[in-house]
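K.L.:
Would you mind keeping the following structure in view while I ask a few things?
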Amino acid sequence: MLSTKLPKMFYGGDYNPEQWSRETWDEDIRMFKLAGIDVVTLNVFTWALNQPDEETYNFEWLDEIIDLLYSNEIYVCLATGTANHPAWMAKRYPDVLSVDFAGRKRKFGFRHNSCPTSPSYIKYARMLVEKLADRYKNHPALVVWHVNNEMGCQCYCDNCEKEFRVWLKKKYGRLEELNKAWNTRFWGHTFYSWEEIVLPNLLSEHLDANNPDKTAFQGISLDYYRFNSDSVLDRYLDEYEILRKATPNIPITTNYHGHATYKPLDYYKWSKYVDIVAWDNYPAFDTPESTTAFRLDMMRSFKDGDPFMIMEQTPSQQNWQPYNSLKRPGVMRLWSYQAVARGADTVMFFQLRRSYGACEKYHGAVIEHVGHENTRVFREVAELGAELNKIGDTLLDSRMDTKVALLFDWENWWAVEFSSGPSDQLKYVEEVQKYYNAFFSRNIPVDIINAEADLSKYDLVVAPVLYMVKDNLDKRIEEFVHRGGTFVSTFFSGIVDENDLVHLGGYPGKLRNLLGIWVEEIDALYPGQTNQMVMKKEINGLKAEYKCGILCDLLHTESAEVIAEYGSDFYKGMPALTRNEFGEGEAWYIASSPEPEFIENLIRSICDEHGIESTLITPPEVEATRRTKDGKSFTFLLNHSEEVKHVNLPEGIFEDIITKKIYQGEATLEPKGVLIITPVENESVNR
Ligand code: GLA
Ligand code: ZN
């Protein structure tokens, strides 16, 4: 449980009292209480206010608001406020200003752009956090620390360049090793001194301002991404260490970016250092539910299934999308429960009161510009607040049971998209999402794991576009399959090692034996161009033929059996889908990017074959998940459609934990409706 002080789902969010008068604070607190809000995130963008100059700190306003909140039984998620350096600091210590990809040094402005290796930033951020930790470590209102905010800044300044060399020295030891890893004899890049190495940006290895992925040296660019992710992580750890020391028992976190798949930061690596994962959930007007579900599952998987925080979501609309449509009535509630359904133990908003100037004044908030509680948004927030109060601690710390893992690896992602050829059309996140959708539509719970994860607890592991096979991943997958697991892999897999150097001797390199195939050539199809996967062997539930595109591997089987073959072009008749028996298990290879229906059907057949069950079979647009705790199960039914839906329930009698209504046989869901049902004993129903 996040905090024994507040044994329920935290409900609240980002609050910026520093933008408002003292009288407004009282009004806000009155309304927070009306809405059932019990946690507010404070102090996110306040460095300039808290430290007007080098020597002076000013926390009185913060003391006052924290005390005021606490006296009203509202707890505090306390941000450290290091997400934007003050203007005076930028003027006096320009090393805090980052340099962008094009090599331009920024001036003061915007946010989230302090150089992650800047000595001045490091010094002053630490000092600020020490003061803050010392001042509030014993405050009873404090329930969680919020380091910085949506961290991340890819900087190309001279200092980062120096630090990059230090990082490289530590990694490679000798320059010869680095030259080998980067294959620097290509295009005459041999380095004779560490000082010769420069950061890979638009002035060096990258040439295309519109496509920052285009690099001449994948090895250098990969190492820069690793280095930058580590540098930003070091800044998080600076703060973490100070806070940990001051408050051994208060959880520490930082909020991850809204896309979840935020490319610059390897969040699997990061998640080892947060006490609880926290995420800002911002679906766009056209984001499918399955995409949000994928991101939520990733958040839960970052720490092996532990519950996570929704740190931010908008109660109504955003300001930074091209079209900031309102969440329709019921949608904020539905999406809040969608997060809970997949492992969230908090529901929090950005923002509690709408600011009245600058770029977020048209961002939705619990308290709108009108300033009172008689608004649609406020009413919806207050209704949800009352429900969460009723639910209390019932769901806290409950977990999901998963038999399927989908492999998503940040370094693999970087490498796939840094790749010069075979195709710009290949987008890693999209490819993984295609496979996720097949499980989502069947309500089959999935973990999203990275290349380091333990595979042994799964029955099925799907690794789309596993281009980079590093360390002993191949051995671990082999072991998993040998013991009876099912492995599904796709085109463009097994090609390179961690330095993006090709595994020689035929693709898919170290996966060749497991998959029982050998790939000779890779064809790239232009947008709209397709080939066909024609079934050679009948598989339950699969049609005779499907379209495929993006890439087509031209492969030969060694020990694998051919299940489908290409339908046209000069490689017509070559294998397009293979299956290899390996030990007690099997390994599939899908040689091209098929239409979604193929993936749906194949995954369904594999799951049926191996007894991997749906949580519940539901009508289209009804999502079902299950969390369990102390032997008790909670099944979430979420109706994403505009229509009433009927869901057949498993045998037994169930109670909805929100309304306490009893269900048996069938449940009816209102449009955008939510049910969280748990089995009840016959006796308690009759009582
Ligand atoms: C991010 C930030 C917040 C706010 C919201 C607006 O998530 O963390 O400070 O800017 O976006 O959607
Ligand atoms: Zn820098």
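Residues in the structure tokens are named by chain (A, B, ... in the order shown) and by number from 1 within that chain; ligands are numbered from 1 in the order shown.
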What residues have any atom no more than 6 Å from ligand 1 when counting only C-alpha atoms and all ligand atoms, and can you list them as a list in words?
P.N.:
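Checking only C-alpha atoms and all ligand atoms against ligand 1 at 6 Å gives Asn149, Glu150, Asp280 and Gln318 of chain A.
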K.L.:
Name the residues, by chain letter and number, that sit within 8 Å of ligand 2 using only C-alpha atoms and all ligand atoms, and give them as a ChimeraX atom specification.
P.N.:
/A:95-99,114-118,154-161
K.L.:
Within 9 Å of His206 (chain A), counting only C-alpha atoms, which residues qualify if same-chain residues fewer than 5 places away don't, as a PyMOL selection string?
P.N.:
chain A and resi 200-201+211-217+221
K.L.:
Save the residues we just selected, all heavy atoms, as a tab-separated table (two decimals), in the first residue's frame?
P.N.:
```
chain	number	residue	atom	x	y	z
A	200	PRO	N	26.90	12.55	-31.32
A	200	PRO	CA	26.24	12.35	-32.61
A	200	PRO	C	24.99	13.22	-32.74
A	200	PRO	O	23.93	12.87	-32.23
A	200	PRO	CB	25.87	10.87	-32.59
A	200	PRO	CG	25.69	10.54	-31.14
A	200	PRO	CD	26.59	11.45	-30.37
A	201	ASN	N	25.11	14.34	-33.42
A	201	ASN	CA	23.92	15.18	-33.65
A	201	ASN	C	23.93	15.65	-35.10
A	201	ASN	O	24.66	15.12	-35.94
A	201	ASN	CB	23.85	16.33	-32.64
A	201	ASN	CG	24.92	17.37	-32.87
A	201	ASN	OD1	25.82	17.19	-33.70
A	201	ASN	ND2	24.84	18.47	-32.13
A	211	ASN	N	14.35	14.03	-39.74
A	211	ASN	CA	14.35	12.63	-39.29
A	211	ASN	C	15.58	12.38	-38.42
A	211	ASN	O	16.61	11.89	-38.90
A	211	ASN	CB	14.32	11.69	-40.49
A	211	ASN	CG	14.18	10.24	-40.06
A	211	ASN	OD1	14.18	9.94	-38.85
A	211	ASN	ND2	14.09	9.35	-41.01
A	212	PRO	N	15.46	12.72	-37.13
A	212	PRO	CA	16.62	12.61	-36.24
A	212	PRO	C	17.12	11.18	-36.08
A	212	PRO	O	18.21	10.96	-35.56
A	212	PRO	CB	16.10	13.14	-34.90
A	212	PRO	CG	14.63	13.25	-35.02
A	212	PRO	CD	14.28	13.26	-36.47
A	213	ASP	N	16.35	10.19	-36.57
A	213	ASP	CA	16.80	8.80	-36.47
A	213	ASP	C	17.90	8.47	-37.48
A	213	ASP	O	18.60	7.48	-37.33
A	213	ASP	CB	15.63	7.84	-36.71
A	213	ASP	CG	14.73	7.73	-35.50
A	213	ASP	OD1	15.19	8.08	-34.39
A	213	ASP	OD2	13.57	7.33	-35.66
A	214	LYS	N	18.01	9.25	-38.51
A	214	LYS	CA	18.98	8.92	-39.57
A	214	LYS	C	20.40	9.18	-39.10
A	214	LYS	O	20.83	10.31	-38.95
A	214	LYS	CB	18.71	9.79	-40.80
A	214	LYS	CG	17.50	9.38	-41.58
A	214	LYS	CD	17.83	8.29	-42.61
A	214	LYS	CE	16.58	7.75	-43.25
A	214	LYS	NZ	16.55	6.30	-43.37
A	215	THR	N	21.11	8.10	-38.85
A	215	THR	CA	22.49	8.25	-38.38
A	215	THR	C	23.42	7.41	-39.24
A	215	THR	O	23.03	6.35	-39.73
A	215	THR	CB	22.62	7.84	-36.90
A	215	THR	OG1	23.99	7.82	-36.53
A	215	THR	CG2	22.03	6.46	-36.63
A	216	ALA	N	24.64	7.90	-39.39
A	216	ALA	CA	25.61	7.13	-40.17
A	216	ALA	C	26.21	6.00	-39.33
A	216	ALA	O	26.64	4.98	-39.85
A	216	ALA	CB	26.71	8.04	-40.68
A	217	PHE	N	26.26	6.22	-38.01
A	217	PHE	CA	26.87	5.24	-37.11
A	217	PHE	C	25.89	4.85	-36.01
A	217	PHE	O	25.78	5.55	-35.00
A	217	PHE	CB	28.17	5.78	-36.51
A	217	PHE	CG	29.37	5.47	-37.34
A	217	PHE	CD1	29.68	6.25	-38.44
A	217	PHE	CD2	30.16	4.36	-37.06
A	217	PHE	CE1	30.78	5.95	-39.23
A	217	PHE	CE2	31.25	4.05	-37.85
A	217	PHE	CZ	31.57	4.84	-38.94
A	221	SER	N	25.28	6.40	-32.03
A	221	SER	CA	23.99	6.97	-31.64
A	221	SER	C	23.34	6.16	-30.52
A	221	SER	O	22.74	6.72	-29.60
A	221	SER	CB	23.07	7.06	-32.86
A	221	SER	OG	23.66	7.93	-33.81
```
K.L.:
Determine the nearest neighbour of Met1 (chain A) from the options A:Glu561, A:Glu55, A:Asp345, A:Asp100, counting only C-alpha atoms.
P.N.:
A:Asp345
K.L.:
As a PyMOL selection string, please: every residue in region 300-498 of chain A that a backbone DSSP assignment puts in alpha helix (DSSP H).
P.N.:
chain A and resi 300-302+331-341+376-391+410-418+428-440+473-482
K.L.:
Using only C-alpha atoms for the distances, tell me which of A:His259, A:Lys33, A:Arg135, A:Lys303 is nearest to Tyr273 (chain A).
P.N.:
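Checking each candidate against Tyr273 (chain A), we get A:Lys303 as the closest.
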K.L.:
With distances taken over only C-alpha atoms, which residue among A:Thr24, A:Asn179, A:Asn228, A:Thr346 lies nearest Ser3 (chain A)?
P.N.:
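Counting only C-alpha atoms, the residue closest to Ser3 (chain A) is A:Thr346.
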K.L.:
Which residues, written as a ChimeraX atom specification, have at least one atom at most 12 Å from Arg244 (chain A), with only C-alpha atoms counted and residues fewer than 3 positions away on the same chain left out?
P.N.:
/A:129-130,133-134,137,144-145,147,236-241,247-253,273-275
K.L.:
For CA of Asn281 (chain A) and CA of Met299 (chain A), quote the distance in Å rounded to one decimal.
P.N.:
10.5 Å
K.L.:
Check the smallest atom-to-atom distance from each of A:Leu326, A:Arg483, A:Leu352, A:Trp182 to Glu373 (chain A) using only C-alpha atoms, then report the winner.
P.N.:
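That would be A:Leu352, the residue with the smallest distance to Glu373 (chain A).
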K.L.:
Please, which residues in region 237-295 of chain A fall within 8 Å of region 432-436 of chain A when counting only C-alpha atoms, and what is the closest atom pair and distance in Å to one decimal for each, ordered by chain then residue number, as CSV?
P.N.:
```
residue,atom,partner,partner_atom,distance
A:Ser290,CA,A:Tyr436,CA,7.9
A:Thr291,CA,A:Gln433,CA,7.2
A:Phe294,CA,A:Tyr436,CA,6.9
```
K.L.:
Within 10 Å of region 450-459 of chain A, which residues of region 533-643 of chain A show up? Give each one with its shortest atom-to-atom distance in Å (one decimal) and the two atoms involved, counting only C-alpha atoms, rows by chain then rising residue number, as JSON lines.
P.N.:
```
{"residue": "A:Gly585", "atom": "CA", "partner": "A:Asp459", "partner_atom": "CA", "distance": 9.6}
{"residue": "A:Cys607", "atom": "CA", "partner": "A:Asp459", "partner_atom": "CA", "distance": 9.4}
{"residue": "A:His610", "atom": "CA", "partner": "A:Asp459", "partner_atom": "CA", "distance": 7.9}
{"residue": "A:Gly611", "atom": "CA", "partner": "A:Asp459", "partner_atom": "CA", "distance": 9.3}
{"residue": "A:Ile612", "atom": "CA", "partner": "A:Asp459", "partner_atom": "CA", "distance": 7.9}
```
K.L.:
Considering only C-alpha atoms, state which residue in the set A:Lys131, A:His146, A:Lys629, A:His363 is at the smallest distance from Thr56 (chain A).
P.N.:
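That would be A:Lys131, the residue with the smallest distance to Thr56 (chain A).
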K.L.:
What's the 8 Å shell around Asn443 (chain A), counting only C-alpha atoms, without same-chain residues fewer than 6 positions away, as a list in words?
P.N.:
Ser614, Thr615, Leu616, Ile617, Thr618, Glu623, Ala624 and Thr625 of chain A
